[in-house]
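Coordinates from entry_16.csv are shown below (CSV, C-alpha atoms).
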```csv
chain,number,residue,atom,x,y,z
H,96,THR,CA,-231.2,76.8,-46.2
H,97,ARG,CA,-234.7,77.7,-45.2
H,98,VAL,CA,-235.6,73.9,-44.8
H,99,ILE,CA,-232.6,73.4,-42.6
H,100,ILE,CA,-233.5,76.4,-40.4
H,101,ILE,CA,-237.2,75.4,-40.1
H,102,PHE,CA,-236.2,71.7,-39.4
H,103,SER,CA,-233.7,72.8,-36.7
H,104,PHE,CA,-236.1,75.2,-35.1
H,105,LEU,CA,-238.9,72.6,-34.9
H,106,THR,CA,-236.4,70.0,-33.6
H,107,ILE,CA,-235.2,72.4,-30.9
H,108,MET,CA,-238.8,73.3,-29.9
H,109,LEU,CA,-239.7,69.6,-29.8
H,110,VAL,CA,-236.7,68.6,-27.7
H,111,GLY,CA,-237.4,71.6,-25.3
H,112,ILE,CA,-241.0,70.6,-24.9
H,113,LEU,CA,-240.0,67.0,-24.3
H,114,ALA,CA,-237.4,68.0,-21.7
H,115,ARG,CA,-240.0,70.1,-19.8
H,116,VAL,CA,-242.6,67.4,-19.9
H,117,SER,CA,-240.1,64.8,-18.7
H,118,TYR,CA,-239.1,67.1,-15.8
H,119,VAL,CA,-242.7,67.7,-14.8
H,120,ILE,CA,-243.6,64.1,-14.9
H,121,SER,CA,-240.5,63.1,-12.9
H,122,ARG,CA,-241.2,65.8,-10.3
H,123,ASP,CA,-244.9,64.7,-9.9
H,124,ILE,CA,-244.0,61.0,-9.6
H,125,TYR,CA,-241.4,61.8,-6.9
H,126,ARG,CA,-243.8,64.1,-5.0
H,127,GLU,CA,-246.6,61.6,-4.9
H,128,GLN,CA,-244.2,58.8,-3.8
H,129,ILE,CA,-242.7,60.9,-1.0
H,130,GLN,CA,-246.2,62.0,0.1
H,131,ASP,CA,-247.3,58.4,0.4
H,132,GLN,CA,-244.2,57.5,2.3
H,133,THR,CA,-244.6,60.4,4.7
H,134,ARG,CA,-248.3,59.5,5.4
H,135,LEU,CA,-247.2,55.9,6.1
H,136,LEU,CA,-244.3,57.0,8.3
H,137,SER,CA,-246.5,59.4,10.3
H,138,ALA,CA,-249.0,56.6,11.0
H,139,LEU,CA,-246.2,54.2,12.0
H,140,LEU,CA,-244.7,56.8,14.4
H,141,ALA,CA,-248.1,57.6,15.9
H,142,ALA,CA,-248.7,53.9,16.7
H,143,ASP,CA,-246.0,54.2,19.4
H,144,LEU,CA,-247.6,57.1,21.2
H,145,GLU,CA,-250.1,56.8,24.0
H,146,THR,CA,-252.6,59.5,23.4
H,147,LYS,CA,-254.5,59.3,26.7
H,148,SER,CA,-251.6,60.8,28.6
H,149,LEU,CA,-251.1,63.7,26.2
H,150,ASP,CA,-254.0,65.7,27.8
H,151,LEU,CA,-252.0,65.6,31.1
H,152,THR,CA,-248.7,66.5,29.6
H,153,PRO,CA,-247.6,70.0,30.5
H,154,PRO,CA,-245.7,72.1,27.9
H,155,ASP,CA,-242.8,72.2,30.4
H,156,LYS,CA,-239.7,70.7,28.8
H,157,ASN,CA,-238.5,69.5,32.2
H,158,SER,CA,-241.6,67.4,33.0
H,159,LEU,CA,-241.3,63.6,32.9
H,160,ALA,CA,-244.2,63.3,30.5
H,161,TYR,CA,-242.7,65.7,28.1
H,162,LYS,CA,-239.3,63.9,28.2
H,163,HIS,CA,-241.1,60.6,27.7
H,164,PHE,CA,-242.9,61.7,24.5
H,165,HIS,CA,-239.7,63.5,23.3
H,166,ARG,CA,-237.8,60.3,23.7
H,167,ILE,CA,-240.4,58.3,21.8
H,168,LEU,CA,-240.4,60.8,18.9
H,169,ASN,CA,-236.6,60.8,18.7
H,170,LYS,CA,-236.5,57.0,18.6
H,171,GLY,CA,-239.1,57.0,15.9
H,172,LEU,CA,-237.1,59.6,13.9
H,173,GLU,CA,-234.0,57.3,14.2
H,174,LYS,CA,-236.0,54.4,12.8
H,175,THR,CA,-237.8,56.3,10.0
H,176,ASN,CA,-235.0,58.7,9.0
H,177,LEU,CA,-237.4,61.7,9.0
H,178,SER,CA,-235.9,65.1,9.7
H,179,GLY,CA,-238.4,66.1,12.4
H,180,ALA,CA,-241.6,65.3,14.3
H,181,PHE,CA,-243.9,67.3,16.5
H,182,ILE,CA,-247.1,66.8,18.5
H,183,PHE,CA,-249.7,69.5,18.4
H,184,ASN,CA,-253.4,70.1,19.4
H,185,ARG,CA,-256.4,71.0,17.4
H,186,ASP,CA,-255.7,74.7,18.1
H,187,LEU,CA,-252.4,74.2,16.2
H,188,GLU,CA,-250.4,74.8,19.4
H,189,ILE,CA,-247.2,72.7,19.4
H,190,LEU,CA,-246.6,70.7,22.5
H,191,ILE,CA,-243.5,68.7,21.7
H,192,THR,CA,-240.9,68.9,19.0
H,193,ALA,CA,-238.1,66.5,18.1
H,194,ARG,CA,-235.0,67.5,16.1
H,195,GLU,CA,-236.4,70.4,14.1
H,196,ASN,CA,-237.9,73.6,15.5
H,197,ILE,CA,-241.3,73.9,13.9
H,198,SER,CA,-242.8,77.3,13.2
H,199,PRO,CA,-246.5,77.4,14.3
H,200,SER,CA,-247.2,80.0,11.6
H,201,ARG,CA,-246.1,77.5,8.9
H,202,LEU,CA,-248.4,75.0,10.5
H,203,LYS,CA,-251.4,77.3,10.1
H,204,ILE,CA,-250.9,77.3,6.4
H,205,ASN,CA,-252.0,73.7,6.4
H,206,ARG,CA,-255.0,74.3,8.6
H,207,LYS,CA,-257.6,73.0,6.1
H,208,GLU,CA,-255.8,69.7,5.5
H,209,ILE,CA,-255.4,69.2,9.3
H,210,ASN,CA,-259.0,70.0,10.1
H,211,ASP,CA,-260.3,67.7,7.4
H,212,LEU,CA,-258.5,64.7,9.0
H,213,SER,CA,-260.6,62.1,10.7
H,214,SER,CA,-259.3,60.2,13.7
H,215,GLY,CA,-256.7,57.6,12.7
H,216,SER,CA,-256.1,59.1,9.2
H,217,SER,CA,-253.2,60.9,7.7
H,218,THR,CA,-252.4,63.4,5.0
H,219,ALA,CA,-249.4,65.2,3.5
H,220,SER,CA,-248.8,68.8,2.7
H,221,LEU,CA,-247.5,70.2,-0.5
H,222,PRO,CA,-243.7,70.6,-0.7
H,223,PHE,CA,-242.3,73.9,0.5
H,224,LYS,CA,-239.0,75.6,0.6
H,225,SER,CA,-237.9,76.5,4.1
H,226,ASP,CA,-235.8,79.5,5.3
H,227,ASP,CA,-232.7,77.3,5.0
H,228,GLY,CA,-233.3,76.8,1.3
H,229,GLN,CA,-234.2,73.1,1.6
H,230,TRP,CA,-237.4,71.5,0.3
H,231,TYR,CA,-239.6,69.8,2.9
H,232,LEU,CA,-242.9,68.1,3.2
H,233,TRP,CA,-245.1,67.6,6.2
H,234,GLY,CA,-247.2,64.6,7.0
H,235,PHE,CA,-250.0,64.8,9.6
H,236,PHE,CA,-251.7,62.0,11.5
H,237,ARG,CA,-254.8,62.6,13.7
H,238,MET,CA,-254.3,60.5,16.8
H,239,ASN,CA,-257.6,61.4,18.5
H,240,GLU,CA,-260.1,64.3,18.9
H,241,ASN,CA,-257.5,66.6,20.4
H,242,TRP,CA,-254.0,65.6,19.2
H,243,TYR,CA,-252.1,65.3,16.0
H,244,LEU,CA,-248.7,64.1,15.0
H,245,GLY,CA,-246.7,66.0,12.4
H,246,VAL,CA,-243.6,64.7,10.7
H,247,GLN,CA,-241.2,66.6,8.5
H,248,GLU,CA,-239.5,64.9,5.5
H,249,ASN,CA,-236.5,66.5,3.8
H,250,MET,CA,-237.0,66.5,0.0
H,251,ASP,CA,-233.5,67.3,-1.0
H,252,ARG,CA,-233.9,65.1,-4.1
H,253,LEU,CA,-236.4,67.6,-5.4
H,254,SER,CA,-233.5,70.1,-5.9
H,255,LYS,CA,-231.7,67.4,-7.8
H,256,LEU,CA,-234.7,67.1,-10.1
H,257,ASP,CA,-234.4,70.9,-10.7
H,258,ASP,CA,-230.8,70.2,-11.8
H,259,LEU,CA,-232.1,67.4,-14.0
H,260,SER,CA,-234.4,69.9,-15.7
H,261,LEU,CA,-231.4,72.0,-16.7
H,262,LEU,CA,-229.6,68.9,-17.9
H,263,PHE,CA,-232.6,68.0,-20.2
H,264,LEU,CA,-232.4,71.5,-21.6
H,265,LEU,CA,-228.7,71.3,-22.2
H,266,ILE,CA,-229.1,67.9,-23.9
H,267,GLY,CA,-231.8,69.5,-26.1
```

For this file, produce the structure as structure tokens.
Amino acid sequence: TRVIIIFSFLTIMLVGILARVSYVISRDIYREQIQDQTRLLSALLAADLETKSLDLTPPDKNSLAYKHFHRILNKGLEKTNLSGAFIFNRDLEILITARENISPSRLKINRKEINDLSSGSSTASLPFKSDDGQWYLWGFFRMNENWYLGVQENMDRLSKLDDLSLLFLLIG
């Protein structure tokens, strides 16, 4: 009886550990893949933007320049299937948003990653859970000295991985 109990206990512990390791590895692979994808998509979307005229664009939503950039961002979002895009300056003031309303306070959390970008390069934030309960990831692309492009990617598959973790434990 003692051998069966010890063997069962060790087997349960081993399967539980393997389930947790499988979940962590799957989550990390997915996060790295989506970060790479977001960096590439932010660079692709930034290629369509003329940065010289951004300095002359007023924050007024009725101006022609604002509407022009807003239209370009929306077309890019349709092509890339991202959940949102926004243009902001080095002071982290958002000039133009498309689809999603971006909180400037959330943007300040990523200040270090944004400030470390050199012109023409991109980076991605860590995944975060928004107020709506969804997982998101931001990608940032520095267009020039003054302007950045931010994109928001929905990471709803991450919540499915959380369900997978429970499934691993149940199988164990």

Near-Asn210 (chain H) list (10 Å; only C-alpha atoms; drop same-chain fewer than 2 positions) as a PyMOL selection string: chain H and resi 185-187+205-208+212-213+237

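With distances restricted to all atoms listed in the file, H:Asn239 is the closest residue to Ser214 (chain H) from H:Asn249, H:Ser198, H:Asn169, H:Asn239.
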
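When only C-alpha atoms are used to compute distances to Asp150 (chain H), the closest of the residues H:Met108, H:Ile124, H:Leu190, H:Ala114 turns out to be H:Leu190.
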
Interatomic distance (Å, one decimal) between CA of Leu149 (chain H) and CA of Asn241 (chain H): 9.1 Å

Exercise: Met250 (chain H) partners within 7 Å, all atoms listed in the file, chain neighbours under 4 positions left out, as a PyMOL selection string: chain H and resi 230-232

For Gln130 (chain H): contacts at 12 Å, only C-alpha atoms, fewer than 3 positions along chain excluded, given as a PyMOL selection string: chain H and resi 123-127+133-137+217-222+231-235+246-250

Distance of CA of Gly245 (chain H) from CA of Ala180 (chain H), expressed in Å to one decimal place: 5.5 Å
